[in-house]
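Raw protein.cif, mmCIF, C-alpha atoms:
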data_input
#
loop_
_atom_site.group_PDB
_atom_site.id
_atom_site.type_symbol
_atom_site.label_atom_id
_atom_site.label_comp_id
_atom_site.auth_asym_id
_atom_site.auth_seq_id
_atom_site.Cartn_x
_atom_site.Cartn_y
_atom_site.Cartn_z
ATOM 1 C CA MET A 1 -27.494 6.440 6.964
ATOM 2 C CA LYS A 2 -23.931 5.715 8.064
ATOM 3 C CA TYR A 3 -20.863 7.066 6.303
ATOM 4 C CA TYR A 4 -17.176 6.260 6.381
ATOM 5 C CA LEU A 5 -13.956 8.208 5.999
ATOM 6 C CA CYS A 6 -11.739 6.219 3.644
ATOM 7 C CA PHE A 7 -8.055 6.892 3.046
ATOM 8 C CA ASP A 8 -5.726 5.423 0.423
ATOM 9 C CA ILE A 9 -2.119 5.995 1.483
ATOM 10 C CA GLY A 10 0.315 5.736 -1.435
ATOM 11 C CA GLY A 11 3.877 6.759 -2.123
ATOM 12 C CA SER A 12 3.080 10.178 -3.595
ATOM 13 C CA SER A 13 -0.331 11.110 -2.198
ATOM 14 C CA MET A 14 -3.151 10.218 0.147
ATOM 15 C CA LYS A 15 -6.548 9.945 -1.505
ATOM 16 C CA SER A 16 -9.444 10.624 0.827
ATOM 17 C CA GLY A 17 -13.105 9.853 0.374
ATOM 18 C CA LEU A 18 -16.422 10.125 2.177
ATOM 19 C CA LEU A 19 -18.324 6.952 1.265
ATOM 20 C CA SER A 20 -21.733 5.540 2.060
ATOM 21 C CA ARG A 21 -22.028 1.945 3.230
ATOM 22 C CA GLU A 22 -23.230 0.982 -0.259
ATOM 23 C CA GLY A 23 -19.970 2.237 -1.778
ATOM 24 C CA LYS A 24 -21.231 5.546 -3.132
ATOM 25 C CA ILE A 25 -18.472 8.152 -3.118
ATOM 26 C CA ILE A 26 -19.924 11.391 -1.756
ATOM 27 C CA GLU A 27 -16.767 13.498 -1.796
ATOM 28 C CA LYS A 28 -13.075 13.046 -2.602
ATOM 29 C CA LYS A 29 -9.916 14.978 -1.901
ATOM 30 C CA SER A 30 -6.239 14.235 -2.490
ATOM 31 C CA TYR A 31 -3.396 15.358 -0.229
ATOM 32 C CA PRO A 32 0.293 15.348 -1.269
ATOM 33 C CA MET A 33 2.251 12.770 0.692
ATOM 34 C CA THR A 34 3.897 14.210 3.778
ATOM 35 C CA ASP A 35 7.306 13.572 5.320
ATOM 36 C CA THR A 36 6.068 12.642 8.805
ATOM 37 C CA PHE A 37 3.188 10.774 10.377
ATOM 38 C CA GLU A 38 2.191 13.877 12.338
ATOM 39 C CA GLU A 39 1.733 15.833 9.103
ATOM 40 C CA LEU A 40 -0.276 12.990 7.579
ATOM 41 C CA LEU A 41 -2.526 12.939 10.642
ATOM 42 C CA VAL A 42 -3.169 16.670 10.189
ATOM 43 C CA CYS A 43 -4.489 15.911 6.687
ATOM 44 C CA MET A 44 -6.767 13.181 8.030
ATOM 45 C CA LYS A 45 -8.107 15.505 10.697
ATOM 46 C CA ASP A 46 -8.699 18.188 8.058
ATOM 47 C CA PHE A 47 -10.780 15.765 5.991
ATOM 48 C CA HIS A 48 -12.678 14.632 9.101
ATOM 49 C CA GLN A 49 -13.433 18.258 9.974
ATOM 50 C CA MET A 50 -15.163 18.740 6.614
ATOM 51 C CA PHE A 51 -17.899 16.192 7.390
ATOM 52 C CA LYS A 52 -18.172 15.503 11.113
ATOM 53 C CA GLU A 53 -21.037 17.953 11.658
ATOM 54 C CA ASP A 54 -23.253 16.968 8.720
ATOM 55 C CA TYR A 55 -22.799 13.195 8.423
ATOM 56 C CA GLU A 56 -23.197 10.235 10.782
ATOM 57 C CA LEU A 57 -19.651 8.885 10.603
ATOM 58 C CA ASP A 58 -19.286 5.230 11.592
ATOM 59 C CA GLY A 59 -15.581 4.619 11.127
ATOM 60 C CA VAL A 60 -12.267 5.152 9.344
ATOM 61 C CA ALA A 61 -11.142 2.705 6.654
ATOM 62 C CA ILE A 62 -7.543 2.802 5.425
ATOM 63 C CA SER A 63 -5.750 1.243 2.470
ATOM 64 C CA SER A 64 -1.971 1.455 2.601
ATOM 65 C CA CYS A 65 1.119 0.173 0.897
ATOM 66 C CA GLY A 66 3.233 -2.167 2.999
ATOM 67 C CA SER A 67 2.964 -5.384 4.980
ATOM 68 C CA ILE A 68 0.067 -4.962 7.402
ATOM 69 C CA ASP A 69 -0.932 -6.769 10.582
ATOM 70 C CA VAL A 70 -4.675 -6.456 10.010
ATOM 71 C CA GLU A 71 -5.690 -7.889 13.373
ATOM 72 C CA ASN A 72 -3.735 -5.266 15.295
ATOM 73 C CA ALA A 73 -4.038 -2.499 12.655
ATOM 74 C CA VAL A 74 -0.274 -1.961 12.469
ATOM 75 C CA ILE A 75 1.973 -1.608 9.419
ATOM 76 C CA ASP A 76 4.892 -3.969 10.038
ATOM 77 C CA ALA A 77 6.971 -2.897 7.055
ATOM 78 C CA VAL A 78 6.496 -0.142 4.482
ATOM 79 C CA TRP A 79 9.493 0.586 2.286
ATOM 80 C CA ALA A 80 8.018 3.607 0.506
ATOM 81 C CA LEU A 81 6.926 5.403 3.705
ATOM 82 C CA PRO A 82 9.022 4.096 6.618
ATOM 83 C CA PHE A 83 7.636 6.696 9.060
ATOM 84 C CA LEU A 84 4.335 4.770 9.065
ATOM 85 C CA GLN A 85 5.911 1.587 10.379
ATOM 86 C CA GLY A 86 4.701 0.535 13.828
ATOM 87 C CA ILE A 87 1.951 3.167 14.147
ATOM 88 C CA PRO A 88 -0.968 1.801 16.257
ATOM 89 C CA TRP A 89 -3.687 3.028 13.896
ATOM 90 C CA ARG A 90 -6.731 2.028 15.976
ATOM 91 C CA GLU A 91 -5.511 3.785 19.091
ATOM 92 C CA VAL A 92 -4.431 6.909 17.205
ATOM 93 C CA ILE A 93 -7.615 7.275 15.124
ATOM 94 C CA GLN A 94 -9.851 6.599 18.135
ATOM 95 C CA LYS A 95 -8.010 9.252 20.124
ATOM 96 C CA GLU A 96 -7.754 11.889 17.380
ATOM 97 C CA LEU A 97 -11.038 11.388 15.484
ATOM 98 C CA GLY A 98 -13.177 9.443 17.940
ATOM 99 C CA LEU A 99 -13.831 6.684 15.388
ATOM 100 C CA HIS A 100 -13.025 3.004 15.033
ATOM 101 C CA CYS A 101 -10.381 2.162 12.402
ATOM 102 C CA GLU A 102 -9.465 -0.741 10.132
ATOM 103 C CA ILE A 103 -6.453 -0.907 7.804
ATOM 104 C CA GLU A 104 -5.493 -3.322 5.008
ATOM 105 C CA ASN A 105 -2.820 -3.634 2.295
ATOM 106 C CA ASP A 106 -3.620 -1.730 -0.909
ATOM 107 C CA ALA A 107 -3.530 -4.742 -3.267
ATOM 108 C CA ASN A 108 -5.830 -6.652 -0.929
ATOM 109 C CA CYS A 109 -8.137 -3.630 -0.827
ATOM 110 C CA ALA A 110 -8.273 -3.490 -4.624
ATOM 111 C CA ALA A 111 -9.317 -7.152 -4.660
ATOM 112 C CA LEU A 112 -11.940 -6.578 -1.961
ATOM 113 C CA SER A 113 -13.434 -3.684 -3.938
ATOM 114 C CA GLU A 114 -14.294 -6.160 -6.696
ATOM 115 C CA LEU A 115 -15.679 -8.738 -4.255
ATOM 116 C CA TYR A 116 -18.063 -6.267 -2.656
ATOM 117 C CA PHE A 117 -18.884 -3.826 -5.431
ATOM 118 C CA GLY A 118 -17.487 -5.016 -8.780
ATOM 119 C CA GLU A 119 -16.827 -7.991 -11.066
ATOM 120 C CA ALA A 120 -16.457 -10.626 -8.343
ATOM 121 C CA GLN A 121 -19.609 -10.144 -6.258
ATOM 122 C CA ASP A 122 -20.679 -13.756 -6.924
ATOM 123 C CA ILE A 123 -17.174 -15.241 -6.681
ATOM 124 C CA LYS A 124 -15.773 -17.171 -3.705
ATOM 125 C CA ASP A 125 -12.208 -17.933 -4.848
ATOM 126 C CA MET A 126 -10.164 -15.444 -6.861
ATOM 127 C CA ALA A 127 -6.604 -14.505 -7.757
ATOM 128 C CA PHE A 128 -5.969 -10.805 -8.282
ATOM 129 C CA PHE A 129 -3.048 -9.393 -10.286
ATOM 130 C CA VAL A 130 -1.990 -5.737 -10.154
ATOM 131 C CA ILE A 131 0.143 -4.987 -13.219
ATOM 132 C CA GLY A 132 2.184 -1.795 -12.985
ATOM 133 C CA THR A 133 5.816 -0.953 -12.341
ATOM 134 C CA GLY A 134 5.886 -4.374 -10.681
ATOM 135 C CA VAL A 135 3.424 -7.225 -10.261
ATOM 136 C CA GLY A 136 1.490 -7.450 -7.010
ATOM 137 C CA GLY A 137 -1.737 -9.104 -6.095
ATOM 138 C CA ALA A 138 -3.968 -10.904 -3.659
ATOM 139 C CA ILE A 139 -5.449 -14.345 -3.054
ATOM 140 C CA ILE A 140 -9.113 -14.668 -2.081
ATOM 141 C CA ARG A 141 -10.478 -17.886 -0.568
ATOM 142 C CA ASN A 142 -14.133 -18.180 0.418
ATOM 143 C CA ARG A 143 -14.390 -14.385 -0.004
ATOM 144 C CA GLN A 144 -11.609 -13.761 2.496
ATOM 145 C CA VAL A 145 -8.106 -12.409 1.877
ATOM 146 C CA CYS A 146 -5.450 -15.101 2.369
ATOM 147 C CA PRO A 147 -2.422 -13.191 3.612
ATOM 148 C CA GLY A 148 -0.247 -16.278 4.178
ATOM 149 C CA ALA A 149 1.968 -17.127 7.132
ATOM 150 C CA HIS A 150 4.347 -14.227 6.434
ATOM 151 C CA ARG A 151 1.848 -11.890 4.708
ATOM 152 C CA TYR A 152 3.298 -12.700 1.290
ATOM 153 C CA GLY A 153 0.115 -14.250 -0.070
ATOM 154 C CA GLY A 154 -0.536 -12.847 -3.550
ATOM 155 C CA GLU A 155 2.983 -11.513 -4.119
ATOM 156 C CA PHE A 156 2.960 -13.026 -7.598
ATOM 157 C CA GLY A 157 5.756 -10.708 -8.689
ATOM 158 C CA MET A 158 8.160 -12.697 -6.498
ATOM 159 C CA MET A 159 7.724 -15.895 -8.555
ATOM 160 C CA LEU A 160 11.033 -16.980 -10.102
ATOM 161 C CA VAL A 161 11.288 -17.345 -13.872
ATOM 162 C CA GLU A 162 13.948 -17.530 -16.557
ATOM 163 C CA ASP A 163 14.250 -14.779 -19.137
ATOM 164 C CA GLU A 164 15.112 -15.374 -22.814
ATOM 165 C CA ALA A 165 18.833 -15.480 -21.957
ATOM 166 C CA GLY A 166 18.330 -18.101 -19.227
ATOM 167 C CA ASN A 167 18.843 -15.690 -16.333
ATOM 168 C CA ILE A 168 16.743 -16.251 -13.217
ATOM 169 C CA GLN A 169 14.594 -13.220 -12.438
ATOM 170 C CA ASN A 170 11.454 -12.517 -10.502
ATOM 171 C CA PHE A 171 8.156 -12.309 -12.354
ATOM 172 C CA SER A 172 7.850 -8.544 -11.846
ATOM 173 C CA LEU A 173 10.917 -7.952 -13.987
ATOM 174 C CA ILE A 174 9.463 -9.666 -17.067
ATOM 175 C CA ALA A 175 5.674 -9.275 -16.733
ATOM 176 C CA SER A 176 5.170 -5.673 -15.588
ATOM 177 C CA THR A 177 4.493 -2.674 -17.789
ATOM 178 C CA SER A 178 7.885 -1.314 -16.775
ATOM 179 C CA SER A 179 9.493 -4.472 -18.228
ATOM 180 C CA MET A 180 8.416 -3.321 -21.702
ATOM 181 C CA VAL A 181 9.839 0.147 -21.105
ATOM 182 C CA ARG A 182 13.175 -1.251 -19.897
ATOM 183 C CA LYS A 183 13.448 -3.555 -22.887
ATOM 184 C CA MET A 184 12.764 -0.768 -25.391
ATOM 185 C CA GLU A 185 15.280 1.523 -23.707
ATOM 186 C CA GLU A 186 17.911 -1.226 -23.718
ATOM 187 C CA LYS A 187 17.393 -1.919 -27.413
ATOM 188 C CA THR A 188 17.166 1.689 -28.659
ATOM 189 C CA ASN A 189 18.992 3.899 -26.113
ATOM 190 C CA GLU A 190 15.922 6.162 -26.158
ATOM 191 C CA SER A 191 13.477 7.211 -23.462
ATOM 192 C CA TRP A 192 10.156 5.293 -23.590
ATOM 193 C CA ASP A 193 6.895 4.951 -21.730
ATOM 194 C CA GLY A 194 4.040 2.476 -22.061
ATOM 195 C CA VAL A 195 1.787 4.818 -24.023
ATOM 196 C CA ARG A 196 4.449 5.448 -26.651
ATOM 197 C CA ILE A 197 5.198 1.729 -27.009
ATOM 198 C CA PHE A 198 1.577 0.899 -27.823
ATOM 199 C CA GLU A 199 1.168 3.920 -30.094
ATOM 200 C CA GLU A 200 4.224 3.001 -32.148
ATOM 201 C CA ALA A 201 3.181 -0.635 -32.256
ATOM 202 C CA ASN A 202 -0.140 0.464 -33.743
ATOM 203 C CA ALA A 203 1.819 2.506 -36.292
ATOM 204 C CA GLY A 204 3.745 -0.589 -37.364
ATOM 205 C CA ASN A 205 6.922 -0.509 -35.238
ATOM 206 C CA ALA A 206 8.064 -4.159 -35.339
ATOM 207 C CA LEU A 207 10.249 -3.918 -32.220
ATOM 208 C CA CYS A 208 7.390 -2.473 -30.163
ATOM 209 C CA LYS A 209 5.114 -5.252 -31.388
ATOM 210 C CA GLN A 210 7.699 -7.855 -30.382
ATOM 211 C CA VAL A 211 8.154 -6.374 -26.909
ATOM 212 C CA ILE A 212 4.394 -6.222 -26.319
ATOM 213 C CA LYS A 213 3.927 -9.810 -27.475
ATOM 214 C CA GLN A 214 6.693 -10.963 -25.118
ATOM 215 C CA PHE A 215 5.039 -9.116 -22.242
ATOM 216 C CA TYR A 216 1.722 -10.890 -22.845
ATOM 217 C CA HIS A 217 3.508 -14.231 -23.213
ATOM 218 C CA ASN A 218 5.331 -13.775 -19.915
ATOM 219 C CA LEU A 219 2.129 -12.733 -18.166
ATOM 220 C CA ALA A 220 0.292 -15.738 -19.631
ATOM 221 C CA MET A 221 2.952 -18.040 -18.147
ATOM 222 C CA GLY A 222 2.242 -16.564 -14.727
ATOM 223 C CA VAL A 223 -1.497 -16.898 -15.254
ATOM 224 C CA PHE A 224 -1.008 -20.554 -16.204
ATOM 225 C CA ASN A 225 0.967 -21.259 -13.026
ATOM 226 C CA VAL A 226 -1.450 -19.425 -10.740
ATOM 227 C CA GLN A 227 -4.526 -21.001 -12.337
ATOM 228 C CA HIS A 228 -3.129 -24.515 -11.915
ATOM 229 C CA THR A 229 -1.760 -23.885 -8.434
ATOM 230 C CA LEU A 230 -4.692 -22.071 -6.807
ATOM 231 C CA ASP A 231 -7.466 -23.056 -9.270
ATOM 232 C CA PRO A 232 -9.515 -19.881 -8.668
ATOM 233 C CA GLU A 233 -12.944 -19.265 -10.181
ATOM 234 C CA MET A 234 -11.675 -15.979 -11.596
ATOM 235 C CA ILE A 235 -8.382 -14.207 -12.210
ATOM 236 C CA LEU A 236 -8.867 -10.461 -12.072
ATOM 237 C CA PHE A 237 -6.471 -7.789 -13.331
ATOM 238 C CA GLY A 238 -5.854 -4.247 -12.174
ATOM 239 C CA GLY A 239 -3.409 -1.582 -13.257
ATOM 240 C CA ALA A 240 -3.623 0.862 -16.146
ATOM 241 C CA ILE A 241 -2.779 -1.685 -18.843
ATOM 242 C CA SER A 242 -5.750 -3.851 -17.840
ATOM 243 C CA GLN A 243 -8.051 -1.092 -19.093
ATOM 244 C CA ARG A 244 -6.983 -1.681 -22.701
ATOM 245 C CA ASP A 245 -9.911 -3.030 -24.724
ATOM 246 C CA ASP A 246 -7.861 -5.940 -26.068
ATOM 247 C CA PHE A 247 -6.084 -6.863 -22.813
ATOM 248 C CA VAL A 248 -7.920 -10.117 -22.083
ATOM 249 C CA GLU A 249 -8.004 -11.094 -25.753
ATOM 250 C CA ARG A 250 -4.234 -10.659 -26.159
ATOM 251 C CA LEU A 251 -3.546 -12.488 -22.906
ATOM 252 C CA MET A 252 -5.758 -15.435 -23.891
ATOM 253 C CA GLU A 253 -4.048 -15.657 -27.289
ATOM 254 C CA GLU A 254 -0.719 -16.232 -25.551
ATOM 255 C CA TYR A 255 -2.306 -18.590 -23.013
ATOM 256 C CA ASN A 256 -3.746 -20.707 -25.817
ATOM 257 C CA MET A 257 -0.357 -20.780 -27.556
ATOM 258 C CA ILE A 258 1.125 -22.200 -24.352
ATOM 259 C CA ARG A 259 -1.702 -24.747 -24.278
ATOM 260 C CA GLU A 260 -0.880 -25.843 -27.840
ATOM 261 C CA LYS A 261 2.858 -25.957 -27.195
ATOM 262 C CA ILE A 262 2.621 -28.278 -24.189
ATOM 263 C CA GLY A 263 -0.124 -30.354 -25.816
ATOM 264 C CA MET A 264 -2.324 -30.522 -22.714
ATOM 265 C CA ASP A 265 -6.047 -29.998 -22.309
ATOM 266 C CA ILE A 266 -5.506 -27.459 -19.556
ATOM 267 C CA ILE A 267 -8.010 -25.322 -17.667
ATOM 268 C CA THR A 268 -9.359 -22.267 -19.462
ATOM 269 C CA PRO A 269 -9.160 -19.432 -16.926
ATOM 270 C CA ASN A 270 -11.936 -16.921 -16.336
ATOM 271 C CA LEU A 271 -10.086 -13.640 -16.897
ATOM 272 C CA LYS A 272 -11.648 -10.275 -16.037
ATOM 273 C CA CYS A 273 -10.468 -6.696 -15.636
ATOM 274 C CA CYS A 274 -11.236 -4.440 -12.694
ATOM 275 C CA THR A 275 -14.363 -2.328 -12.554
ATOM 276 C CA TYR A 276 -12.641 0.420 -10.599
ATOM 277 C CA ARG A 277 -9.369 2.215 -11.203
ATOM 278 C CA GLN A 278 -8.352 5.195 -9.054
ATOM 279 C CA ASP A 279 -11.171 4.527 -6.573
ATOM 280 C CA ALA A 280 -10.508 0.794 -6.073
ATOM 281 C CA ASN A 281 -8.461 1.183 -2.896
ATOM 282 C CA LEU A 282 -10.973 3.533 -1.262
ATOM 283 C CA LEU A 283 -13.809 1.110 -1.986
ATOM 284 C CA GLY A 284 -11.689 -1.837 -0.884
ATOM 285 C CA ALA A 285 -10.800 -0.139 2.386
ATOM 286 C CA LEU A 286 -14.530 0.293 3.002
ATOM 287 C CA ALA A 287 -15.156 -3.371 2.095
ATOM 288 C CA ASN A 288 -12.468 -4.454 4.543
ATOM 289 C CA TYR A 289 -14.000 -2.309 7.303
ATOM 290 C CA ILE A 290 -17.490 -3.696 6.700
ATOM 291 C CA GLY A 291 -16.225 -7.289 6.505
ATOM 292 C CA ARG A 292 -14.379 -6.991 9.799
ATOM 293 C CA ASN A 293 -17.215 -5.350 11.686
ATOM 294 C CA GLU A 294 -20.281 -7.432 10.779
#

Will you turn the file into structure tokens for me?
Amino acid sequence: MKYYLCFDIGGSSMKSGLLSREGKIIEKKSYPMTDTFEELLVCMKDFHQMFKEDYELDGVAISSCGSIDVENAVIDAVWALPFLQGIPWREVIQKELGLHCEIENDANCAALSELYFGEAQDIKDMAFFVIGTGVGGAIIRNRQVCPGAHRYGGEFGMMLVEDEAGNIQNFSLIASTSSMVRKMEEKTNESWDGVRIFEEANAGNALCKQVIKQFYHNLAMGVFNVQHTLDPEMILFGGAISQRDDFVERLMEEYNMIREKIGMDIITPNLKCCTYRQDANLLGALANYIGRNE
């Protein structure tokens, strides 16, 4: 049986996993993010050392933040970790570990994890939203990532919208979990986080309830636009908030209110939440590797 070394490079850490071809995670380890590429490579070599004698390793699969030239396995731009920009990953990994390498953007990897192993295994066309401090995502057509001409495909957070005051903002600023936190802090001059907002809303805090409702309304507007622009079979959501039991229900309530307000018999989207959370990017990196080498 063949196995793969999978790495998820994020702003604060690098998650590492030994995975089977079927997506079974054999072992995991997390390394704190380093300050240089050379230090990061030491961590990768350490993880490789743990398994190279006992497992038949077929390749290295990487998920990373940033804009990625998948064909040439090079990160063109990565704001969080600029020392990774321009690294020729295939050449380096082949030289240092003796294995073939593939690399893909982290949001695209999260989407691919669902295509290969999760909710979207029978889906051809999908839009994928990642809801967190911002709004990211991916577009899938015929089970392939659509990066776009400038690799901005799926950057739903860049959509322009008007806020309640009529100011033009990007979608990330009004439909991310951090948008709720900012609004509560502006209105109360207190420190907030998402967990506290939902807890106090459940306890009856009217302002928290209002802020949460506005978040779902704003997100539903984006869902409406994406559904009627791309017309995907499924819209899938990742990010911690998508794991709430009532996430889809609350989102559909706001979507249906938009439907009633505009008086149109619009498409009812197929909304789902991700199967995987912290392991999505590792599994998606593996899916990308398999898809590019079959």

Once the PyMOL selection byres ((chain A and resi 137-153) around 9) has been applied to the shown file, what residues remain in the selection, as a PyMOL selection string? chain A and resi 67-69+107-112+115+123-131+135-136+154-157+230+232+237-238+291

I'd like the interatomic distance between atom CA of Glu91 of chain A and atom CA of Gly10 of chain A, to a tenth of an Å. 21.4 Å

Once the PyMOL selection byres ((chain A and resi 253-259) around 10) has been applied to the shown file, what residues remain in the selection, as an MDAnalysis selection string? chainID A and resid 213:224 248:252 260:269

Distance in Å - atom CA of Val42 of chain A versus atom CA of Val78 of chain A: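 Atom-to-atom, atom CA of Val42 of chain A to atom CA of Val78 of chain A, that is 20.2 Å.
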
Name the residues, using the chain letters and numbers of the file, that sit within 10 Å of (-8.7, 13.6, 9.4) when counting all atoms listed in the file, and give them as JSON, numbers by chain. {"A": [5, 6, 7, 16, 40, 41, 42, 43, 44, 45, 46, 47, 48, 49, 50, 51, 52, 60, 93, 96, 97]}

Can you tell me how far atom CA of Cys274 of chain A sits from atom CA of Gly132 of chain A, in Å to one decimal? 13.7 Å

For a quick check of understanding, using all atoms listed in the file, which of A:Asn72, A:Met184, A:Asp279, A:Glu39 has the smallest distance to Ala206 of chain A? A:Met184

Excluding Asn288 of chain A and any residue of its chain fewer than 2 positions from it, enumerate the residues within 8 Å of it, using all atoms listed in the file, and give them as a ChimeraX atom specification. /A:61,102-104,109,112,284-286,290-292

8 Å contact set for Gly118 of chain A, all atoms listed in the file, chain neighbours under 3 positions out, as a PyMOL selection string: chain A and resi 113-115+121+274-276

Can you work out which one of A:Lys183, A:Ser64, A:Thr133, A:Ala203 has the shortest atom-to-atom distance to Phe171 of chain A, counting all atoms listed in the file?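 For Phe171 of chain A, the nearest of the candidates is A:Thr133.
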
Pick from A:Trp79, A:Tyr3, A:Phe247, A:Phe37 nearest to Leu99 of chain A, counting all atoms listed in the file: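 Closest residue, counting all atoms listed in the file: A:Tyr3.
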
Taking the file as I've supplied it (selection: the PyMOL selection byres ((chain A and resi 181) around 10)), which residues are included? Please answer as a list in words.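 Checked against the file, the PyMOL selection byres ((chain A and resi 181) around 10) matches Thr133, Ser176, Thr177, Ser178, Ser179, Met180, Arg182, Lys183, Met184, Glu185, Glu186, Glu190, Ser191, Trp192, Asp193, Gly194, Val195, Arg196, Ile197, Cys208, Val211 and Ile212 of chain A.
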
Padding of 6 Å on every side, edges along x, y and z, all listed atoms of segment 198-208 of chain A included: what centre and edge lengths in Å, to one decimal, does that box have, as JSON?
{"center_x": 5.1, "center_y": -0.1, "center_z": -32.6, "size_x": 22.4, "size_y": 20.1, "size_z": 21.5}

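Between Leu173 of chain A and the residues A:Gly134, A:Tyr116, A:Thr36, A:Asn205, the shortest atom-to-atom distance, using all atoms listed in the file, involves A:Gly134.
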
Nearest to Glu22 of chain A among A:Leu207, A:Ala287, A:Ile174, A:Cys273, with distances taken over all atoms listed in the file: which residue is it? A:Ala287

I'd like the contact shell of Gly17 of chain A - 8 Å cut-off, all atoms listed in the file, skipping same-chain residues fewer than 2 positions apart - returned as a list of chain:residue names.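 My reading of the contact set: A:Leu5, A:Cys6, A:Phe7, A:Lys15, A:Leu19, A:Ile25, A:Ile26, A:Glu27, A:Lys28, A:Lys29, A:Leu282.
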
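Of the listed residues (A:Ala120, A:Ala73, A:Leu81, A:Cys65), A:Cys65 comes nearest to Asn105 of chain A; the distances count all atoms listed in the file.
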
Will you give me segment 25-37 of chain A, written with N, CA and C atoms and laid out as a short mmCIF file (atom, residue, chain, number, x, y, z; two decimals), in the first residue's frame?
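As a result, part20.cif now contains:
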data_model
loop_
_atom_site.label_atom_id
_atom_site.label_comp_id
_atom_site.auth_asym_id
_atom_site.auth_seq_id
_atom_site.Cartn_x
_atom_site.Cartn_y
_atom_site.Cartn_z
N ILE A 25 -5.88 8.80 7.92
CA ILE A 25 -4.76 9.49 8.56
C ILE A 25 -4.10 8.54 9.55
N ILE A 26 -2.86 8.15 9.24
CA ILE A 26 -2.12 7.20 10.07
C ILE A 26 -1.48 7.90 11.26
N GLU A 27 -0.92 9.07 11.01
CA GLU A 27 -0.19 9.80 12.07
C GLU A 27 -0.24 11.28 11.75
N LYS A 28 -0.27 12.11 12.79
CA LYS A 28 -0.25 13.56 12.61
C LYS A 28 0.75 14.20 13.57
N LYS A 29 1.27 15.33 13.14
CA LYS A 29 2.14 16.11 14.01
C LYS A 29 2.06 17.56 13.56
N SER A 30 2.12 18.48 14.51
CA SER A 30 2.08 19.91 14.19
C SER A 30 3.40 20.56 14.58
N TYR A 31 3.90 21.42 13.70
CA TYR A 31 5.14 22.16 13.96
C TYR A 31 4.81 23.65 14.01
N PRO A 32 5.35 24.38 14.98
CA PRO A 32 5.16 25.85 14.99
C PRO A 32 5.74 26.44 13.72
N MET A 33 5.09 27.48 13.20
CA MET A 33 5.59 28.10 11.98
C MET A 33 6.97 28.72 12.22
N THR A 34 7.83 28.54 11.25
CA THR A 34 9.21 29.02 11.35
C THR A 34 9.33 30.42 10.73
N ASP A 35 10.53 30.97 10.82
CA ASP A 35 10.79 32.29 10.26
C ASP A 35 11.46 32.23 8.90
N THR A 36 11.97 31.06 8.52
CA THR A 36 12.67 30.91 7.24
C THR A 36 12.24 29.62 6.56
N PHE A 37 12.44 29.58 5.24
CA PHE A 37 12.13 28.36 4.50
C PHE A 37 13.05 27.22 4.93
#
